[in-house]
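Enquirer: Below you'll find model07.cif; it's mmCIF, C-alpha atoms.
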```cif
data_coords
#
loop_
_atom_site.label_atom_id
_atom_site.label_comp_id
_atom_site.auth_asym_id
_atom_site.auth_seq_id
_atom_site.Cartn_x
_atom_site.Cartn_y
_atom_site.Cartn_z
CA MET A 1 8.10 16.67 -0.58
CA LYS A 2 9.01 13.46 -2.39
CA ALA A 3 6.75 10.55 -3.31
CA VAL A 4 7.10 7.10 -4.82
CA PHE A 5 4.25 5.19 -6.45
CA HIS A 6 4.32 1.39 -6.28
CA HIS A 7 2.69 -0.40 -9.20
CA SER A 8 2.51 -4.19 -9.13
CA ASN A 9 -0.63 -5.33 -10.97
CA ASP A 10 -1.26 -5.92 -14.66
CA ASP A 11 -4.77 -4.49 -14.82
CA SER A 12 -5.78 -1.99 -17.50
CA ASP A 13 -7.98 0.09 -15.16
CA LEU A 14 -5.18 0.21 -12.63
CA HIS A 15 -2.55 1.19 -15.21
CA GLU A 16 -4.73 4.17 -16.06
CA ARG A 17 -5.42 4.97 -12.42
CA VAL A 18 -1.74 4.96 -11.55
CA VAL A 19 -0.69 7.42 -14.25
CA ASN A 20 -3.70 9.61 -13.43
CA ASN A 21 -2.67 9.58 -9.77
CA VAL A 22 0.86 10.65 -10.70
CA ALA A 23 -0.50 13.50 -12.84
CA ASN A 24 -2.87 14.54 -10.03
CA LEU A 25 0.06 14.83 -7.65
CA LEU A 26 2.04 16.98 -10.11
CA ASP A 27 -1.04 19.13 -10.75
CA ASP A 28 -1.80 19.68 -7.04
CA ASP A 29 -0.76 23.28 -6.38
CA THR A 30 -1.09 22.80 -2.62
CA VAL A 31 1.81 20.33 -2.58
CA ASP A 32 5.43 21.30 -3.13
CA VAL A 33 6.72 18.25 -5.03
CA GLU A 34 10.50 17.91 -5.27
CA ALA A 35 10.67 14.43 -6.76
CA VAL A 36 8.26 11.77 -7.99
CA ALA A 37 9.22 8.21 -8.86
CA LEU A 38 7.23 5.16 -9.92
CA VAL A 39 8.58 1.69 -9.20
CA ALA A 40 7.06 -1.24 -11.11
CA ASN A 41 7.41 -4.89 -10.21
CA SER A 42 5.34 -8.06 -10.77
CA GLY A 43 2.43 -7.25 -13.11
CA GLY A 44 3.27 -3.54 -13.03
CA LEU A 45 5.89 -4.22 -15.69
CA ALA A 46 3.20 -4.03 -18.39
CA LEU A 47 2.89 -0.27 -17.79
CA LEU A 48 6.50 0.31 -18.80
CA THR A 49 7.07 -1.90 -21.84
CA THR A 50 7.21 -0.45 -25.35
CA ASP A 51 3.75 -1.89 -26.08
CA SER A 52 2.23 -0.36 -22.94
CA PRO A 53 -1.32 0.97 -23.42
CA GLN A 54 -0.15 4.02 -21.44
CA ARG A 55 3.10 4.60 -23.33
CA GLU A 56 2.33 8.15 -24.42
CA THR A 57 1.18 9.10 -20.95
CA VAL A 58 4.31 7.60 -19.40
CA GLU A 59 6.48 9.57 -21.85
CA ALA A 60 4.58 12.78 -21.08
CA LEU A 61 5.15 12.21 -17.34
CA GLN A 62 8.85 11.59 -17.96
CA GLU A 63 8.98 15.01 -19.62
CA ARG A 64 7.44 16.44 -16.45
CA GLY A 65 10.31 14.94 -14.43
CA VAL A 66 8.81 11.68 -13.16
CA SER A 67 11.40 8.90 -12.81
CA PHE A 68 10.17 5.43 -13.84
CA ARG A 69 12.02 2.42 -12.46
CA GLN A 70 11.57 -1.25 -13.28
CA CYS A 71 12.46 -4.25 -11.06
CA ARG A 72 15.20 -6.32 -12.71
CA ASN A 73 13.96 -9.58 -11.14
CA THR A 74 10.58 -9.17 -12.79
CA ILE A 75 11.86 -8.39 -16.26
CA GLU A 76 14.41 -11.22 -16.19
CA GLY A 77 11.69 -13.59 -14.99
CA LYS A 78 9.66 -12.70 -18.08
CA GLY A 79 12.61 -13.19 -20.43
CA LEU A 80 12.56 -9.52 -21.45
CA THR A 81 15.43 -7.03 -21.56
CA GLU A 82 15.95 -3.29 -21.14
CA ASP A 83 15.24 -2.96 -24.91
CA ASP A 84 11.63 -3.95 -24.23
CA LEU A 85 11.15 -0.95 -21.93
CA ILE A 86 10.10 2.57 -22.81
CA ASP A 87 13.21 4.74 -23.29
CA GLY A 88 14.41 6.31 -20.08
CA VAL A 89 12.98 3.69 -17.73
CA GLU A 90 15.70 2.78 -15.25
CA LEU A 91 16.33 -0.85 -14.26
CA VAL A 92 16.76 -1.29 -10.51
CA SER A 93 18.25 -4.24 -8.68
CA SER A 94 14.90 -5.07 -7.05
CA GLY A 95 11.62 -3.21 -6.88
CA VAL A 96 11.20 -3.76 -3.16
CA GLY A 97 14.79 -2.73 -2.43
CA GLU A 98 14.26 0.48 -4.38
CA LEU A 99 11.00 1.19 -2.55
CA ALA A 100 12.68 0.66 0.82
CA ARG A 101 15.64 2.84 -0.17
CA LEU A 102 13.44 5.70 -1.36
CA GLN A 103 11.33 5.65 1.80
CA ASP A 104 14.54 5.71 3.80
CA GLU A 105 15.43 8.87 1.84
CA GLY A 106 12.13 10.47 2.87
CA TYR A 107 9.84 9.55 -0.01
CA ALA A 108 6.18 9.02 0.88
CA TYR A 109 4.75 5.67 -0.32
CA LEU A 110 1.63 5.52 -2.47
CA LYS A 111 -0.09 2.40 -3.74
CA PRO A 112 -2.92 3.46 -6.10
CA MET B 1 1.59 7.84 16.73
CA LYS B 2 -0.36 8.97 13.69
CA ALA B 3 -1.75 6.86 10.85
CA VAL B 4 -3.49 7.42 7.54
CA PHE B 5 -5.56 4.79 5.76
CA HIS B 6 -5.68 4.91 1.96
CA HIS B 7 -8.90 3.60 0.39
CA SER B 8 -9.15 3.47 -3.39
CA ASN B 9 -11.38 0.55 -4.40
CA ASP B 10 -15.15 0.29 -4.69
CA ASP B 11 -15.55 -3.20 -3.27
CA SER B 12 -18.10 -3.98 -0.58
CA ASP B 13 -15.84 -6.43 1.28
CA LEU B 14 -13.02 -3.91 1.22
CA HIS B 15 -15.25 -1.06 2.43
CA GLU B 16 -16.06 -3.18 5.45
CA ARG B 17 -12.46 -4.25 5.95
CA VAL B 18 -11.23 -0.67 5.89
CA VAL B 19 -13.59 0.59 8.57
CA ASN B 20 -12.91 -2.51 10.66
CA ASN B 21 -9.18 -1.86 10.36
CA VAL B 22 -9.66 1.73 11.52
CA ALA B 23 -11.68 0.54 14.52
CA ASN B 24 -9.06 -2.11 15.31
CA LEU B 25 -6.38 0.56 15.43
CA LEU B 26 -8.44 2.73 17.78
CA ASP B 27 -9.21 -0.30 19.96
CA ASP B 28 -5.57 -1.42 20.20
CA ASP B 29 -4.50 -0.52 23.74
CA THR B 30 -0.85 -1.21 22.94
CA VAL B 31 -0.73 1.72 20.51
CA ASP B 32 -0.83 5.35 21.53
CA VAL B 33 -2.82 6.88 18.68
CA GLU B 34 -2.71 10.67 18.38
CA ALA B 35 -4.46 11.03 15.04
CA VAL B 36 -6.14 8.81 12.47
CA ALA B 37 -7.20 9.91 9.00
CA LEU B 38 -8.69 8.09 6.03
CA VAL B 39 -8.13 9.42 2.53
CA ALA B 40 -10.42 8.15 -0.24
CA ASN B 41 -9.78 8.46 -3.96
CA SER B 42 -10.80 6.51 -7.08
CA GLY B 43 -13.35 3.84 -6.10
CA GLY B 44 -12.88 4.60 -2.40
CA LEU B 45 -15.32 7.49 -2.85
CA ALA B 46 -18.25 5.08 -2.46
CA LEU B 47 -17.37 4.65 1.22
CA LEU B 48 -17.96 8.33 1.93
CA THR B 49 -21.11 9.24 -0.03
CA THR B 50 -24.46 9.72 1.72
CA ASP B 51 -25.65 6.36 0.29
CA SER B 52 -22.56 4.51 1.57
CA PRO B 53 -23.27 1.00 2.90
CA GLN B 54 -20.96 1.92 5.79
CA ARG B 55 -22.45 5.34 6.55
CA GLU B 56 -23.32 4.62 10.18
CA THR B 57 -19.91 3.11 10.83
CA VAL B 58 -18.19 6.09 9.24
CA GLU B 59 -20.24 8.46 11.41
CA ALA B 60 -19.40 6.44 14.53
CA LEU B 61 -15.69 6.63 13.67
CA GLN B 62 -15.99 10.40 13.12
CA GLU B 63 -17.34 10.63 16.67
CA ARG B 64 -14.23 8.77 17.83
CA GLY B 65 -12.06 11.43 16.18
CA VAL B 66 -11.22 9.89 12.82
CA SER B 67 -10.84 12.46 10.04
CA PHE B 68 -12.27 11.41 6.65
CA ARG B 69 -10.96 13.16 3.56
CA GLN B 70 -12.11 12.85 -0.04
CA CYS B 71 -10.08 13.56 -3.20
CA ARG B 72 -11.60 16.49 -5.11
CA ASN B 73 -10.43 15.15 -8.50
CA THR B 74 -12.38 11.94 -7.98
CA ILE B 75 -15.62 13.56 -6.91
CA GLU B 76 -15.52 16.12 -9.71
CA GLY B 77 -14.80 13.34 -12.20
CA LYS B 78 -18.01 11.62 -11.08
CA GLY B 79 -20.06 14.82 -11.34
CA LEU B 80 -20.78 14.80 -7.61
CA THR B 81 -20.41 17.62 -5.08
CA GLU B 82 -19.65 18.03 -1.39
CA ASP B 83 -23.42 17.69 -0.77
CA ASP B 84 -23.19 14.05 -1.83
CA LEU B 85 -20.71 13.29 0.97
CA ILE B 86 -21.41 12.28 4.55
CA ASP B 87 -21.39 15.38 6.77
CA GLY B 88 -17.95 16.22 8.08
CA VAL B 89 -15.97 14.62 5.26
CA GLU B 90 -13.33 17.10 4.17
CA LEU B 91 -12.58 17.69 0.49
CA VAL B 92 -8.85 17.75 -0.26
CA SER B 93 -7.13 19.09 -3.35
CA SER B 94 -5.93 15.61 -4.32
CA GLY B 95 -5.93 12.29 -2.53
CA VAL B 96 -2.33 11.51 -3.40
CA GLY B 97 -1.16 14.99 -2.40
CA GLU B 98 -2.88 14.62 0.96
CA LEU B 99 -1.34 11.18 1.50
CA ALA B 100 2.13 12.52 0.70
CA ARG B 101 1.62 15.53 2.97
CA LEU B 102 0.44 13.42 5.91
CA GLN B 103 3.37 10.99 5.58
CA ASP B 104 5.68 14.00 5.49
CA GLU B 105 4.08 15.02 8.81
CA GLY B 106 4.91 11.62 10.30
CA TYR B 107 1.75 9.63 9.61
CA ALA B 108 2.21 5.91 8.98
CA TYR B 109 0.62 4.69 5.71
CA LEU B 110 -1.83 1.79 5.74
CA LYS B 111 -3.52 0.25 2.70
CA PRO B 112 -6.05 -2.36 3.92
CA MET C 1 17.39 -0.20 6.44
CA LYS C 2 14.27 -1.85 7.81
CA ALA C 3 11.15 -2.91 5.93
CA VAL C 4 7.73 -4.34 6.73
CA PHE C 5 5.54 -6.17 4.25
CA HIS C 6 1.77 -5.92 4.68
CA HIS C 7 -0.19 -8.94 3.48
CA SER C 8 -3.98 -8.82 3.67
CA ASN C 9 -5.45 -10.91 0.82
CA ASP C 10 -6.14 -14.61 0.55
CA ASP C 11 -5.06 -15.09 -3.06
CA SER C 12 -2.68 -17.89 -4.08
CA ASP C 13 -0.83 -15.76 -6.66
CA LEU C 14 -0.40 -13.01 -4.11
CA HIS C 15 0.81 -15.39 -1.38
CA GLU C 16 3.55 -16.46 -3.77
CA ARG C 17 4.31 -12.90 -4.84
CA VAL C 18 4.67 -11.73 -1.25
CA VAL C 19 7.20 -14.38 -0.24
CA ASN C 20 9.10 -13.85 -3.50
CA ASN C 21 9.20 -10.11 -2.78
CA VAL C 22 10.60 -10.77 0.69
CA ALA C 23 13.29 -13.06 -0.76
CA ASN C 24 14.12 -10.49 -3.45
CA LEU C 25 14.72 -7.87 -0.77
CA LEU C 26 17.02 -10.20 1.18
CA ASP C 27 18.86 -11.12 -2.03
CA ASP C 28 19.36 -7.50 -3.14
CA ASP C 29 23.05 -6.81 -2.52
CA THR C 30 22.57 -3.08 -3.12
CA VAL C 31 20.41 -2.77 0.00
CA ASP C 32 21.72 -3.02 3.55
CA VAL C 33 18.81 -4.75 5.28
CA GLU C 34 18.83 -4.68 9.08
CA ALA C 35 15.37 -6.09 9.71
CA VAL C 36 12.47 -7.47 7.70
CA ALA C 37 9.02 -8.21 9.07
CA LEU C 38 5.78 -9.38 7.49
CA VAL C 39 2.46 -8.49 9.12
CA ALA C 40 -0.61 -10.48 8.05
CA ASN C 41 -4.20 -9.49 8.68
CA SER C 42 -7.56 -10.15 6.99
CA GLY C 43 -7.07 -12.76 4.23
CA GLY C 44 -3.29 -12.65 4.67
CA LEU C 45 -3.74 -15.08 7.57
CA ALA C 46 -3.84 -18.00 5.10
CA LEU C 47 -0.14 -17.49 4.38
CA LEU C 48 0.81 -18.20 8.00
CA THR C 49 -1.36 -21.16 9.02
CA THR C 50 0.07 -24.67 9.31
CA ASP C 51 -1.70 -25.66 6.08
CA SER C 52 -0.31 -22.68 4.15
CA PRO C 53 0.66 -23.47 0.55
CA GLN C 54 3.83 -21.46 1.24
CA ARG C 55 4.71 -23.07 4.57
CA GLU C 56 8.16 -24.27 3.55
CA THR C 57 9.02 -20.92 2.02
CA VAL C 58 7.86 -19.10 5.15
CA GLU C 59 10.01 -21.38 7.31
CA ALA C 60 13.02 -20.83 5.04
CA LEU C 61 12.53 -17.07 5.34
CA GLN C 62 12.28 -17.37 9.13
CA GLU C 63 15.68 -19.05 9.07
CA ARG C 64 16.98 -16.05 7.14
CA GLY C 65 15.79 -13.78 9.95
CA VAL C 66 12.40 -12.59 8.69
CA SER C 67 9.89 -11.98 11.49
CA PHE C 68 6.31 -13.05 10.70
CA ARG C 69 3.51 -11.46 12.73
CA GLN C 70 -0.20 -12.26 12.70
CA CYS C 71 -3.06 -9.93 13.70
CA ARG C 72 -4.86 -11.30 16.75
CA ASN C 73 -8.22 -9.79 15.71
CA THR C 74 -8.16 -11.72 12.45
CA ILE C 75 -7.28 -15.08 13.94
CA GLU C 76 -9.84 -14.76 16.73
CA GLY C 77 -12.47 -13.75 14.17
CA LYS C 78 -11.82 -17.02 12.32
CA GLY C 79 -12.03 -19.11 15.51
CA LEU C 80 -8.39 -20.18 15.18
CA THR C 81 -5.62 -20.09 17.79
CA GLU C 82 -1.85 -19.71 17.89
CA ASP C 83 -1.63 -23.52 17.48
CA ASP C 84 -2.97 -23.13 13.94
CA LEU C 85 -0.01 -20.93 12.99
CA ILE C 86 3.39 -21.95 11.66
CA ASP C 87 5.86 -22.20 14.57
CA GLY C 88 7.56 -18.92 15.35
CA VAL C 89 4.82 -16.65 13.99
CA GLU C 90 4.21 -13.95 16.58
CA LEU C 91 0.67 -12.85 17.47
CA VAL C 92 0.31 -9.06 17.63
CA SER C 93 -2.45 -7.08 19.23
CA SER C 94 -3.61 -5.73 15.88
CA GLY C 95 -2.09 -5.86 12.41
CA VAL C 96 -2.66 -2.17 11.74
CA GLY C 97 -1.28 -1.16 15.13
CA GLU C 98 1.87 -3.20 14.47
CA LEU C 99 2.26 -1.66 11.00
CA ALA C 100 1.92 1.85 12.44
CA ARG C 101 4.38 1.06 15.25
CA LEU C 102 7.00 -0.35 12.89
CA GLN C 103 6.76 2.63 10.52
CA ASP C 104 7.14 4.88 13.55
CA GLU C 105 10.37 2.95 14.27
CA GLY C 106 11.65 3.68 10.76
CA TYR C 107 10.49 0.64 8.82
CA ALA C 108 9.60 1.22 5.17
CA TYR C 109 6.12 -0.02 4.20
CA LEU C 110 5.65 -2.42 1.29
CA LYS C 111 2.35 -3.78 -0.02
CA PRO C 112 3.12 -6.39 -2.73
#
```
Since I need it in another form, could you write the structure as structure tokens?

Expert:
Amino acid sequence: MKAVFHHSNDDSDLHERVVNNVANLLDDDTVDVEAVALVANSGGLALLTTDSPQRETVEALQERGVSFRQCRNTIEGKGLTEDDLIDGVELVSSGVGELARLQDEGYAYLKP
Amino acid sequence: MKAVFHHSNDDSDLHERVVNNVANLLDDDTVDVEAVALVANSGGLALLTTDSPQRETVEALQERGVSFRQCRNTIEGKGLTEDDLIDGVELVSSGVGELARLQDEGYAYLKP
Amino acid sequence: MKAVFHHSNDDSDLHERVVNNVANLLDDDTVDVEAVALVANSGGLALLTTDSPQRETVEALQERGVSFRQCRNTIEGKGLTEDDLIDGVELVSSGVGELARLQDEGYAYLKP
């Protein structure tokens, strides 16, 4: 089973909820998880910048195999660059395009 | 056709919207609905406790065949137990795992 | 690839985000987009009425082939009619039924 989380709001409670949700999926022994991705766009960007309040948690999830992907439109709109992102976060052409592509590849969609 | 509703916010307007959306799906004669589930996690728990403002509506939807499922991580995090839930609500190992599993089984995802 | 956007909140920032997300998908050269629809219900109705703050953007997206669909339950609940909608917006029996149907037809689901 494959799943992609969509994160699009800059809200501290929601940042924490999203990473907890990802961890809960990885920890769920009843689910055979092949791949987990998180795609951030709009306000979700704040979860993946170097000054993210959840930086350590994001890095710990990367070590567990979670792939974090950031919408290029959003980051360019904010005047930021790839250097402002946590190491290992992948820039994607558009967040919505990536979310459509992953669902087309069989990923389940989750919006915490 | 099968559909799963994801409910994750404790907001009185949204509680009402979610149950109305479920009823609208059941009432839509143009759609052949085989199965409808609602998975609650995070703040969505408040819809499914015995003191829920929507308790009667939830029970009426159960009688129409809707399956309500509550994330175990959320309820344990709040120090509540299955006894605090409306009768018939099923505890699932994780809300996100259940949502991924149901989509893998062909359920459409709906976030009201 | 096919994608449906679900819009259900009357929030000016979100109205703008939703139409920007739709444009970003159309503009993403890495994605082969066959069909894009937007289904509005609940507060999302305000995006598709004749006095919508995004009316011109909606019309421009219609010209690019995006199909806009409005939940009949919502519009009847507000005492409005099809005449109150931007030309070309299609009324559907229920927003959630349409979203389930489109996912059943292979559309990816996106909630901006």

Enquirer: Record the distance separating CA of Ala46 (chain C) and CA of Asp10 (chain C), expressed in Å with one decimal.

Expert: 6.1 Å

Enquirer: Grab the CA of Leu47 (chain C) to CA of Glu16 (chain B) distance for me, in Å with one decimal place.

Expert: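 Spanning CA of Leu47 (chain C) to CA of Glu16 (chain B) is a straight-line distance of 21.4 Å.
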
Enquirer: At a cut-off of 10 Å from (9.1, 8.0, -11.9) in the coordinates of the file, what residues are picked up using only C-alpha atoms, written as an MDAnalysis selection string?

Expert: chainID A and resid 3:6 22 35:40 58 61:62 64:70 88:90

Enquirer: Kindly determine which residues of chain C lie within 7 Å of chain A, considering all atoms listed in the file, and give the answer as a list in words.

Expert: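 Taking all atoms listed in the file into account, Ala3, Asn21, Asn24, Leu25, Asp28, Val31, Ala108 and Pro112 of chain C sit within 7 Å of chain A.
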
Enquirer: Translate the PyMOL selection byres ((chain C and resi 82-87) around 7) into a concrete residue list for this structure, as a ChimeraX atom specification.

Expert: /C:48-50,80-81,88-89

Enquirer: Least-squares superpose chain C onto chain A - every C-alpha atom, paired in order - and show me the moved coordinates as a compact mmCIF listing (two decimals) with C-alpha atoms, keeping the file's coordinate frame.

Expert:
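Written out: out-v2.txt:
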```txt
# COMPACT_ATOMS: atom_id res chain seq x y z
CA MET C 1 8.10 16.66 -0.59
CA LYS C 2 9.01 13.45 -2.38
CA ALA C 3 6.75 10.55 -3.30
CA VAL C 4 7.09 7.09 -4.82
CA PHE C 5 4.26 5.19 -6.46
CA HIS C 6 4.33 1.39 -6.27
CA HIS C 7 2.70 -0.39 -9.20
CA SER C 8 2.52 -4.19 -9.12
CA ASN C 9 -0.62 -5.33 -10.98
CA ASP C 10 -1.27 -5.93 -14.65
CA ASP C 11 -4.78 -4.50 -14.82
CA SER C 12 -5.78 -1.98 -17.50
CA ASP C 13 -7.98 0.08 -15.15
CA LEU C 14 -5.18 0.21 -12.62
CA HIS C 15 -2.55 1.18 -15.21
CA GLU C 16 -4.74 4.16 -16.06
CA ARG C 17 -5.43 4.97 -12.41
CA VAL C 18 -1.74 4.95 -11.54
CA VAL C 19 -0.70 7.41 -14.25
CA ASN C 20 -3.70 9.62 -13.43
CA ASN C 21 -2.67 9.58 -9.77
CA VAL C 22 0.85 10.65 -10.70
CA ALA C 23 -0.51 13.50 -12.84
CA ASN C 24 -2.88 14.55 -10.05
CA LEU C 25 0.05 14.84 -7.66
CA LEU C 26 2.03 16.98 -10.12
CA ASP C 27 -1.05 19.14 -10.76
CA ASP C 28 -1.80 19.69 -7.05
CA ASP C 29 -0.77 23.29 -6.39
CA THR C 30 -1.10 22.81 -2.62
CA VAL C 31 1.80 20.35 -2.59
CA ASP C 32 5.43 21.30 -3.13
CA VAL C 33 6.72 18.27 -5.02
CA GLU C 34 10.49 17.91 -5.27
CA ALA C 35 10.66 14.43 -6.75
CA VAL C 36 8.26 11.76 -7.98
CA ALA C 37 9.22 8.21 -8.86
CA LEU C 38 7.23 5.16 -9.92
CA VAL C 39 8.59 1.68 -9.20
CA ALA C 40 7.06 -1.24 -11.12
CA ASN C 41 7.41 -4.89 -10.21
CA SER C 42 5.35 -8.05 -10.76
CA GLY C 43 2.44 -7.25 -13.12
CA GLY C 44 3.26 -3.54 -13.02
CA LEU C 45 5.90 -4.23 -15.69
CA ALA C 46 3.20 -4.04 -18.39
CA LEU C 47 2.89 -0.29 -17.79
CA LEU C 48 6.52 0.31 -18.79
CA THR C 49 7.07 -1.90 -21.85
CA THR C 50 7.21 -0.45 -25.36
CA ASP C 51 3.75 -1.88 -26.09
CA SER C 52 2.22 -0.36 -22.95
CA PRO C 53 -1.32 0.98 -23.42
CA GLN C 54 -0.15 4.03 -21.45
CA ARG C 55 3.10 4.60 -23.33
CA GLU C 56 2.34 8.16 -24.41
CA THR C 57 1.18 9.11 -20.94
CA VAL C 58 4.32 7.62 -19.40
CA GLU C 59 6.49 9.58 -21.83
CA ALA C 60 4.58 12.79 -21.07
CA LEU C 61 5.14 12.21 -17.35
CA GLN C 62 8.85 11.59 -17.97
CA GLU C 63 8.99 15.01 -19.61
CA ARG C 64 7.45 16.45 -16.45
CA GLY C 65 10.30 14.95 -14.43
CA VAL C 66 8.82 11.68 -13.17
CA SER C 67 11.39 8.90 -12.81
CA PHE C 68 10.17 5.43 -13.84
CA ARG C 69 12.03 2.42 -12.45
CA GLN C 70 11.57 -1.26 -13.28
CA CYS C 71 12.47 -4.24 -11.06
CA ARG C 72 15.20 -6.31 -12.70
CA ASN C 73 13.96 -9.57 -11.13
CA THR C 74 10.57 -9.16 -12.78
CA ILE C 75 11.86 -8.38 -16.25
CA GLU C 76 14.40 -11.21 -16.18
CA GLY C 77 11.68 -13.59 -14.98
CA LYS C 78 9.64 -12.70 -18.08
CA GLY C 79 12.61 -13.19 -20.43
CA LEU C 80 12.56 -9.52 -21.44
CA THR C 81 15.43 -7.02 -21.55
CA GLU C 82 15.94 -3.29 -21.15
CA ASP C 83 15.24 -2.97 -24.91
CA ASP C 84 11.63 -3.96 -24.23
CA LEU C 85 11.16 -0.96 -21.94
CA ILE C 86 10.09 2.57 -22.82
CA ASP C 87 13.21 4.75 -23.29
CA GLY C 88 14.42 6.31 -20.07
CA VAL C 89 12.98 3.68 -17.72
CA GLU C 90 15.71 2.78 -15.25
CA LEU C 91 16.33 -0.85 -14.26
CA VAL C 92 16.77 -1.29 -10.50
CA SER C 93 18.24 -4.22 -8.68
CA SER C 94 14.92 -5.07 -7.06
CA GLY C 95 11.62 -3.21 -6.89
CA VAL C 96 11.20 -3.78 -3.16
CA GLY C 97 14.78 -2.75 -2.43
CA GLU C 98 14.27 0.48 -4.38
CA LEU C 99 11.00 1.18 -2.55
CA ALA C 100 12.68 0.65 0.82
CA ARG C 101 15.65 2.83 -0.18
CA LEU C 102 13.45 5.69 -1.37
CA GLN C 103 11.32 5.64 1.80
CA ASP C 104 14.55 5.68 3.79
CA GLU C 105 15.43 8.86 1.83
CA GLY C 106 12.13 10.46 2.87
CA TYR C 107 9.84 9.55 -0.01
CA ALA C 108 6.18 9.02 0.86
CA TYR C 109 4.77 5.67 -0.32
CA LEU C 110 1.64 5.53 -2.47
CA LYS C 111 -0.10 2.39 -3.74
CA PRO C 112 -2.92 3.47 -6.11
```

Enquirer: Could you tell me how far CA of Leu14 (chain A) lies from CA of Gly43 (chain A), in Å and to one decimal?

Expert: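 Distance between the two atoms: 10.7 Å.
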